>>> print(open('entry_16.txt').read())   # compact mmCIF, C-alpha atoms
# COMPACT_ATOMS: atom_id res chain seq x y z
CA MET A 255 33.12 36.44 36.56
CA THR A 256 30.27 38.12 34.68
CA GLN A 257 32.31 41.30 34.26
CA MET A 258 35.25 39.30 32.97
CA PHE A 259 33.15 37.72 30.18
CA GLY A 260 30.94 40.74 29.53
CA THR A 261 27.68 39.13 30.64
CA HIS A 262 24.91 40.35 32.94
CA ASP A 263 21.87 39.07 34.89
CA LEU A 264 23.44 35.63 35.29
CA ALA A 265 20.89 34.50 37.91
CA LEU A 266 18.01 35.42 35.58
CA PHE A 267 19.74 33.58 32.74
CA MET A 268 20.08 30.41 34.82
CA LEU A 269 16.45 30.62 36.01
CA SER A 270 15.20 31.17 32.45
CA GLY A 271 17.29 28.23 31.22
CA LEU A 272 15.83 25.98 33.92
CA LEU A 273 12.27 26.94 33.01
CA LEU A 274 13.00 26.35 29.32
CA ASN A 275 14.34 22.88 30.11
CA LEU A 276 11.09 22.05 31.90
CA VAL A 277 9.11 22.56 28.69
CA PRO A 278 8.48 19.06 27.20
CA GLY A 279 10.14 18.40 23.86
CA PRO A 280 11.79 15.64 21.79
CA ASP A 281 14.80 15.49 24.13
CA SER A 282 12.73 14.93 27.27
CA LEU A 283 10.49 12.40 25.52
CA LEU A 284 13.49 10.39 24.38
CA ILE A 285 15.05 10.31 27.86
CA ILE A 286 11.78 9.30 29.53
CA SER A 287 11.19 6.56 26.97
CA LYS A 288 14.67 5.05 27.31
CA SER A 289 14.78 5.23 31.11
CA ALA A 290 11.29 3.93 31.78
CA SER A 291 11.65 0.98 29.41
CA ARG A 292 15.37 0.10 29.70
CA GLY A 293 16.62 1.66 32.91
CA TRP A 294 18.40 4.81 34.03
CA ARG A 295 21.64 3.91 32.26
CA ALA A 296 19.94 4.05 28.87
CA GLY A 297 18.30 7.34 29.82
CA CYS A 298 21.63 8.81 30.90
CA VAL A 299 23.28 7.68 27.66
CA ALA A 300 20.50 9.39 25.71
CA ALA A 301 21.00 12.49 27.88
CA LEU A 302 24.73 12.43 27.12
CA GLY A 303 24.00 12.35 23.40
CA ILE A 304 21.56 15.24 23.78
CA GLY A 305 24.13 17.21 25.76
CA ASN A 306 26.77 16.72 23.09
CA GLY A 307 24.27 17.76 20.42
CA LEU A 308 23.65 20.89 22.46
CA LEU A 309 27.39 21.61 22.45
CA VAL A 310 27.26 21.64 18.66
CA HIS A 311 24.64 24.40 18.77
CA ILE A 312 26.59 26.38 21.37
CA LEU A 313 29.78 26.24 19.33
CA ALA A 314 27.96 27.02 16.08
CA ALA A 315 26.17 30.00 17.59
CA ALA A 316 29.39 31.33 19.17
CA LEU A 317 31.12 31.12 15.78
CA GLY A 318 28.20 32.80 14.04
CA LEU A 319 27.09 29.74 12.07
CA SER A 320 23.58 29.95 13.51
CA ALA A 321 23.28 33.39 11.95
CA ILE A 322 23.44 31.68 8.58
CA LEU A 323 20.33 29.66 9.47
CA ALA A 324 18.58 32.84 10.51
CA SER A 325 19.49 34.75 7.35
CA SER A 326 19.50 32.04 4.69
CA ALA A 327 16.17 30.44 3.82
CA THR A 328 17.96 27.74 1.84
CA ALA A 329 20.30 26.76 4.68
CA PHE A 330 17.45 26.73 7.18
CA THR A 331 15.27 24.60 4.89
CA ILE A 332 18.04 22.05 4.30
CA VAL A 333 18.77 21.60 8.01
CA LYS A 334 15.06 21.64 8.82
CA ILE A 335 14.24 18.89 6.32
CA ILE A 336 17.16 16.73 7.49
CA GLY A 337 16.07 17.12 11.10
CA ALA A 338 12.43 16.41 10.27
CA ILE A 339 13.33 13.28 8.32
CA TYR A 340 15.42 12.01 11.22
CA LEU A 341 12.66 12.64 13.77
CA ILE A 342 10.13 10.85 11.55
CA TYR A 343 12.63 8.00 11.02
CA ILE A 344 13.18 7.31 14.73
CA GLY A 345 9.44 7.78 15.31
CA ILE A 346 8.57 5.10 12.76
CA LYS A 347 11.35 2.90 14.15
CA ALA A 348 9.85 3.21 17.64
CA LEU A 349 6.37 2.40 16.32
CA LEU A 350 7.64 -0.75 14.63
CA GLN A 351 9.90 -1.86 17.47
CA LYS A 352 8.70 -4.69 19.63
CA ALA A 353 9.19 -4.52 23.37
CA LYS A 354 12.51 -5.99 24.46
CA ALA A 355 12.65 -8.92 26.81
CA SER A 356 12.40 -7.66 30.38
CA ASN A 357 15.07 -10.06 31.69
CA ILE A 358 17.99 -8.21 30.05
CA ASP A 359 20.59 -7.40 32.70
CA MET A 360 21.19 -3.68 32.30
CA THR A 361 23.89 -3.76 35.00
CA GLN A 362 26.37 -5.44 32.70
CA PRO A 363 29.06 -3.05 31.38
CA GLN A 364 28.72 -4.33 27.83
CA MET A 365 25.10 -3.18 27.82
CA VAL A 366 26.29 0.34 28.59
CA LEU A 367 29.10 0.39 26.09
CA GLY A 368 27.69 -1.97 23.48
CA GLU A 369 25.94 -1.31 20.19
CA SER A 370 22.48 -0.79 21.68
CA MET A 371 23.72 1.95 23.99
CA TRP A 372 25.68 3.50 21.14
CA GLN A 373 22.50 3.66 19.09
CA THR A 374 20.76 5.32 22.04
CA TYR A 375 23.56 7.90 22.24
CA VAL A 376 23.37 8.58 18.50
CA GLN A 377 19.60 9.05 18.69
CA GLY A 378 20.01 11.57 21.49
CA PHE A 379 22.78 13.43 19.66
CA PHE A 380 20.99 13.82 16.34
CA THR A 381 17.60 14.53 17.92
CA ASN A 382 19.14 17.70 19.33
CA ALA A 383 21.87 18.54 16.81
CA LEU A 384 19.57 18.35 13.77
CA ASN A 385 16.93 20.65 15.22
CA PRO A 386 17.46 24.12 13.68
CA LYS A 387 15.00 25.62 16.14
CA VAL A 388 17.55 24.96 18.91
CA ALA A 389 20.19 26.87 16.94
CA LEU A 390 17.86 29.83 16.44
CA PHE A 391 16.90 29.71 20.10
CA PHE A 392 20.51 30.19 21.14
CA LEU A 393 20.93 32.98 18.63
CA ALA A 394 17.88 34.82 20.01
CA PHE A 395 18.07 34.00 23.73
CA VAL A 396 21.73 34.08 24.78
CA PRO A 397 22.70 37.51 23.31
CA GLN A 398 20.14 39.16 25.60
CA PHE A 399 22.52 38.44 28.49
CA ILE A 400 25.70 39.68 26.79
CA SER A 401 26.72 43.30 27.28
CA GLN A 402 26.90 45.39 24.14
CA ASP A 403 30.37 46.61 25.08
CA ALA A 404 31.74 43.11 25.77
CA ASP A 405 35.27 42.78 24.39
CA HIS A 406 34.90 39.17 23.31
CA LYS A 407 31.29 38.37 22.50
CA ALA A 408 32.08 34.86 21.21
CA LEU A 409 33.79 34.04 24.52
CA ALA A 410 30.81 35.46 26.43
CA PHE A 411 28.51 33.31 24.30
CA MET A 412 30.55 30.21 25.08
CA PHE A 413 30.52 31.06 28.79
CA LEU A 414 26.74 31.37 28.91
CA GLY A 415 26.29 28.39 26.61
CA LEU A 416 28.34 26.13 28.88
CA ILE A 417 26.32 27.26 31.90
CA PHE A 418 23.14 26.40 30.00
CA GLU A 419 24.72 23.06 29.03
CA PHE A 420 25.62 22.25 32.64
CA ASN A 421 22.13 23.04 33.91
CA SER A 422 20.55 21.10 31.05
CA MET A 423 22.64 18.02 31.82
CA LEU A 424 21.66 18.16 35.49
CA TYR A 425 18.01 18.29 34.45
CA CYS A 426 18.34 15.53 31.83
CA LEU A 427 20.22 13.16 34.15
CA SER A 428 17.71 13.80 36.95
CA LEU A 429 14.88 13.13 34.51
CA ALA A 430 16.51 9.84 33.52
CA VAL A 431 16.73 8.67 37.13
CA LEU A 432 13.18 9.78 37.97
CA ALA A 433 11.76 8.10 34.85
CA ASP A 434 13.56 4.87 35.79
CA MET A 435 12.11 5.02 39.32
CA ALA A 436 8.64 5.56 37.89
CA GLY A 437 9.13 2.65 35.50
CA LYS A 438 10.13 0.32 38.34
CA ARG A 439 7.01 1.22 40.31
CA LEU A 440 4.80 0.18 37.44
CA LYS A 441 4.31 -3.52 36.86
CA GLY A 442 5.38 -4.99 33.59
CA ARG A 443 8.27 -2.86 32.35
CA GLN A 444 8.17 -4.79 29.08
CA GLN A 445 4.57 -3.74 28.46
CA LEU A 446 5.44 -0.21 29.56
CA GLY A 447 8.28 -0.12 27.05
CA HIS A 448 5.91 -1.25 24.31
CA LEU A 449 3.40 1.50 25.15
CA LEU A 450 6.14 4.12 25.36
CA ASN A 451 7.47 3.05 21.97
CA LYS A 452 4.03 3.65 20.49
CA LEU A 453 3.56 6.97 22.29
CA VAL A 454 7.04 8.33 21.54
CA GLY A 455 6.89 7.04 17.98
CA THR A 456 3.63 8.88 17.35
CA LEU A 457 4.91 12.07 18.98
CA PHE A 458 8.21 12.01 17.10
CA VAL A 459 6.47 11.56 13.76
CA SER A 460 4.18 14.47 14.67
CA LEU A 461 7.14 16.61 15.75
CA GLY A 462 8.98 15.74 12.55
CA ILE A 463 6.02 16.85 10.44
CA LYS A 464 5.68 20.02 12.55
CA LEU A 465 9.38 20.78 12.10
CA ALA A 466 9.16 20.22 8.34
CA LEU A 467 6.35 22.79 8.16
CA ALA A 468 8.03 25.27 10.52
CA SER A 469 9.18 28.69 9.37
CA ARG A 470 12.21 30.59 10.61
CA GLY A 471 10.06 32.96 12.63
>>> encode(input="entry_16.txt", output="structure tokens")
Amino acid sequence: MTQMFGTHDLALFMLSGLLLNLVPGPDSLLIISKSASRGWRAGCVAALGIGNGLLVHILAAALGLSAILASSATAFTIVKIIGAIYLIYIGIKALLQKAKASNIDMTQPQMVLGESMWQTYVQGFFTNALNPKVALFFLAFVPQFISQDADHKALAFMFLGLIFEFNSMLYCLSLAVLADMAGKRLKGRQQLGHLLNKLVGTLFVSLGIKLALASRG
């Protein structure tokens, strides 16, 4: 399979991807917050949004669009500012949000498919898709595992990107379930949700400011 796509050291690539997923970031914080305060379904919906945002980066990098972010200071700055504003926006929204009533039945299908879950999905999607650092990461990391003489480098990039996507989704979904279990063990999920809103809100505002001040290097 690796010879067919022109890739190498696939096991090392998968191990490196797993270790990178374990590093805490906006995606993990969002999943933990949603799962611990609203249940594993909300965490999985957030993870699905994050996974789809990741697909945007994989496709963009395979098509060479991420190279534009790496070479154009203007393009990078525009995407960076948009992403920073969005992170600060959802951070402030979390800080201002009051804890939801703890008697909401999260087992009802309409709670999974309704507007609140859609908003959770959108938050997950844009938290990942609007982060230019993720695009540059793919541009710098994935090519190290593509052979120089590969016939179709874009196809090889997509192959490795989808492997990274699969492993990331396994991690994110597992994190959602584990965060839900931890939330259930703690008394007062409503109070926990309120504290998590404050914590995640503060962290997202900080991350947004950090992203706004970030350079391409």
>>> residues_near_point(input="entry_16.txt", point="(17.3, 16.8, 22.8)", cutoff="7 Å", atoms="all atoms listed in the file", output="number ranges by chain")
A: 280-282, 304, 378, 381-382
>>> closest_residue(input="entry_16.txt", among="A:Leu272, A:Ala466, A:Ala301, A:Ala410", to="Phe379 of chain A", atoms="all atoms listed in the file")
A:Ala301
>>> residues_around(input="entry_16.txt", residues="segment 264-270 of chain A", least_positions_apart="3", cutoff="9 Å", atoms="all atoms listed in the file", output="list of chain:residue names")
A:Thr256, A:Thr261, A:Leu273, A:Leu274, A:Asn275, A:Val396, A:Phe399, A:Leu414, A:Ile417, A:Phe418, A:Asn421
>>> residues_near_point(input="entry_16.txt", point="(22.9, 13.4, 31.3)", cutoff="6 Å", atoms="all atoms listed in the file", output="MDAnalysis selection string")
chainID A and resid 298 301:302 423 426:427
>>> write_last_selection(input="entry_16.txt", atoms="C-alpha atoms", output="mmCIF file, in the frame of the given file")
data_model
loop_
_atom_site.group_PDB
_atom_site.id
_atom_site.type_symbol
_atom_site.label_atom_id
_atom_site.label_comp_id
_atom_site.auth_asym_id
_atom_site.auth_seq_id
_atom_site.Cartn_x
_atom_site.Cartn_y
_atom_site.Cartn_z
ATOM 1 C CA CYS A 298 21.630 8.810 30.900
ATOM 2 C CA ALA A 301 21.000 12.490 27.880
ATOM 3 C CA LEU A 302 24.730 12.430 27.120
ATOM 4 C CA MET A 423 22.640 18.020 31.820
ATOM 5 C CA CYS A 426 18.340 15.530 31.830
ATOM 6 C CA LEU A 427 20.220 13.160 34.150
#
>>> residues_around(input="entry_16.txt", residues="Ser428 of chain A", least_positions_apart="3", cutoff="10 Å", atoms="all atoms listed in the file", output="list in words")
Trp294, Gly297, Cys298, Ala301, Ser422, Met423, Leu424, Tyr425, Val431, Leu432, Ala433 and Asp434 of chain A
>>> write_last_selection(input="entry_16.txt", atoms="C-alpha atoms", output="compact mmCIF listing (two decimals), in the frame of the given file")
# COMPACT_ATOMS: atom_id res chain seq x y z
CA TRP A 294 18.40 4.81 34.03
CA GLY A 297 18.30 7.34 29.82
CA CYS A 298 21.63 8.81 30.90
CA ALA A 301 21.00 12.49 27.88
CA SER A 422 20.55 21.10 31.05
CA MET A 423 22.64 18.02 31.82
CA LEU A 424 21.66 18.16 35.49
CA TYR A 425 18.01 18.29 34.45
CA VAL A 431 16.73 8.67 37.13
CA LEU A 432 13.18 9.78 37.97
CA ALA A 433 11.76 8.10 34.85
CA ASP A 434 13.56 4.87 35.79
>>> atom_distance(input="entry_16.txt", atom1="atom CA of Gly455 of chain A", atom2="atom CA of Ala389 of chain A")
23.9 Å
>>> atom_distance(input="entry_16.txt", atom1="atom CA of Gly415 of chain A", atom2="atom CA of Ser326 of chain A")
23.2 Å
>>> atom_distance(input="entry_16.txt", atom1="atom CA of Ala404 of chain A", atom2="atom CA of Ala315 of chain A")
16.4 Å
>>> residues_around(input="entry_16.txt", residues="Leu384 of chain A", least_positions_apart="3", cutoff="12 Å", atoms="only C-alpha atoms", output="PyMOL selection string")
chain A and resi 280-281+304+306-308+310-311+330-341+376-381+387-390+462+465-466
>>> closest_residue(input="entry_16.txt", among="A:Gly293, A:Pro278, A:Gly260, A:Gly345", to="Leu453 of chain A", atoms="only C-alpha atoms")
A:Gly345
>>> decode(input="entry_16.txt", residues="segment 268-283 of chain A", atoms="N, CA, C and O atoms", output="PDB file, in the first residue's frame")
ATOM      1  N   MET A 268       1.941   7.143  11.855  1.00  0.00           N
ATOM      2  CA  MET A 268       0.760   6.930  12.687  1.00  0.00           C
ATOM      3  C   MET A 268       1.076   7.200  14.155  1.00  0.00           C
ATOM      4  O   MET A 268       0.271   7.802  14.874  1.00  0.00           O
ATOM      5  N   LEU A 269       2.265   6.765  14.611  1.00  0.00           N
ATOM      6  CA  LEU A 269       2.668   7.007  15.997  1.00  0.00           C
ATOM      7  C   LEU A 269       2.838   8.501  16.251  1.00  0.00           C
ATOM      8  O   LEU A 269       2.384   9.028  17.276  1.00  0.00           O
ATOM      9  N   SER A 270       3.468   9.203  15.313  1.00  0.00           N
ATOM     10  CA  SER A 270       3.668  10.647  15.457  1.00  0.00           C
ATOM     11  C   SER A 270       2.327  11.365  15.487  1.00  0.00           C
ATOM     12  O   SER A 270       2.124  12.300  16.279  1.00  0.00           O
ATOM     13  N   GLY A 271       1.397  10.943  14.619  1.00  0.00           N
ATOM     14  CA  GLY A 271       0.075  11.555  14.594  1.00  0.00           C
ATOM     15  C   GLY A 271      -0.664  11.358  15.906  1.00  0.00           C
ATOM     16  O   GLY A 271      -1.339  12.269  16.397  1.00  0.00           O
ATOM     17  N   LEU A 272      -0.530  10.158  16.492  1.00  0.00           N
ATOM     18  CA  LEU A 272      -1.181   9.887  17.780  1.00  0.00           C
ATOM     19  C   LEU A 272      -0.620  10.786  18.866  1.00  0.00           C
ATOM     20  O   LEU A 272      -1.375  11.375  19.652  1.00  0.00           O
ATOM     21  N   LEU A 273       0.700  10.921  18.918  1.00  0.00           N
ATOM     22  CA  LEU A 273       1.325  11.778  19.928  1.00  0.00           C
ATOM     23  C   LEU A 273       0.926  13.240  19.747  1.00  0.00           C
ATOM     24  O   LEU A 273       0.701  13.962  20.730  1.00  0.00           O
ATOM     25  N   LEU A 274       0.805  13.671  18.501  1.00  0.00           N
ATOM     26  CA  LEU A 274       0.388  15.054  18.230  1.00  0.00           C
ATOM     27  C   LEU A 274      -1.049  15.289  18.677  1.00  0.00           C
ATOM     28  O   LEU A 274      -1.390  16.367  19.169  1.00  0.00           O
ATOM     29  N   ASN A 275      -1.910  14.282  18.522  1.00  0.00           N
ATOM     30  CA  ASN A 275      -3.294  14.418  18.962  1.00  0.00           C
ATOM     31  C   ASN A 275      -3.397  14.539  20.479  1.00  0.00           C
ATOM     32  O   ASN A 275      -4.354  15.141  20.995  1.00  0.00           O
ATOM     33  N   LEU A 276      -2.426  13.949  21.182  1.00  0.00           N
ATOM     34  CA  LEU A 276      -2.465  13.975  22.645  1.00  0.00           C
ATOM     35  C   LEU A 276      -2.088  15.338  23.213  1.00  0.00           C
ATOM     36  O   LEU A 276      -2.328  15.591  24.398  1.00  0.00           O
ATOM     37  N   VAL A 277      -1.499  16.196  22.384  1.00  0.00           N
ATOM     38  CA  VAL A 277      -1.148  17.540  22.853  1.00  0.00           C
ATOM     39  C   VAL A 277      -2.424  18.370  22.983  1.00  0.00           C
ATOM     40  O   VAL A 277      -3.172  18.519  22.022  1.00  0.00           O
ATOM     41  N   PRO A 278      -2.730  18.913  24.177  1.00  0.00           N
ATOM     42  CA  PRO A 278      -3.973  19.677  24.360  1.00  0.00           C
ATOM     43  C   PRO A 278      -4.026  20.903  23.465  1.00  0.00           C
ATOM     44  O   PRO A 278      -3.023  21.573  23.233  1.00  0.00           O
ATOM     45  N   GLY A 279      -5.197  21.173  22.932  1.00  0.00           N
ATOM     46  CA  GLY A 279      -5.399  22.336  22.068  1.00  0.00           C
ATOM     47  C   GLY A 279      -6.865  22.729  22.055  1.00  0.00           C
ATOM     48  O   GLY A 279      -7.676  22.162  22.802  1.00  0.00           O
ATOM     49  N   PRO A 280      -7.254  23.689  21.227  1.00  0.00           N
ATOM     50  CA  PRO A 280      -8.651  24.136  21.175  1.00  0.00           C
ATOM     51  C   PRO A 280      -9.630  23.005  20.881  1.00  0.00           C
ATOM     52  O   PRO A 280     -10.727  22.970  21.452  1.00  0.00           O
ATOM     53  N   ASP A 281      -9.247  22.072  20.002  1.00  0.00           N
ATOM     54  CA  ASP A 281     -10.149  20.976  19.642  1.00  0.00           C
ATOM     55  C   ASP A 281     -10.464  20.105  20.856  1.00  0.00           C
ATOM     56  O   ASP A 281     -11.624  19.804  21.144  1.00  0.00           O
ATOM     57  N   SER A 282      -9.414  19.692  21.566  1.00  0.00           N
ATOM     58  CA  SER A 282      -9.613  18.840  22.749  1.00  0.00           C
ATOM     59  C   SER A 282     -10.403  19.572  23.825  1.00  0.00           C
ATOM     60  O   SER A 282     -11.282  18.978  24.473  1.00  0.00           O
ATOM     61  N   LEU A 283     -10.114  20.844  24.025  1.00  0.00           N
ATOM     62  CA  LEU A 283     -10.827  21.617  25.041  1.00  0.00           C
ATOM     63  C   LEU A 283     -12.316  21.699  24.723  1.00  0.00           C
ATOM     64  O   LEU A 283     -13.163  21.576  25.620  1.00  0.00           O
TER      65      LEU A 283
END
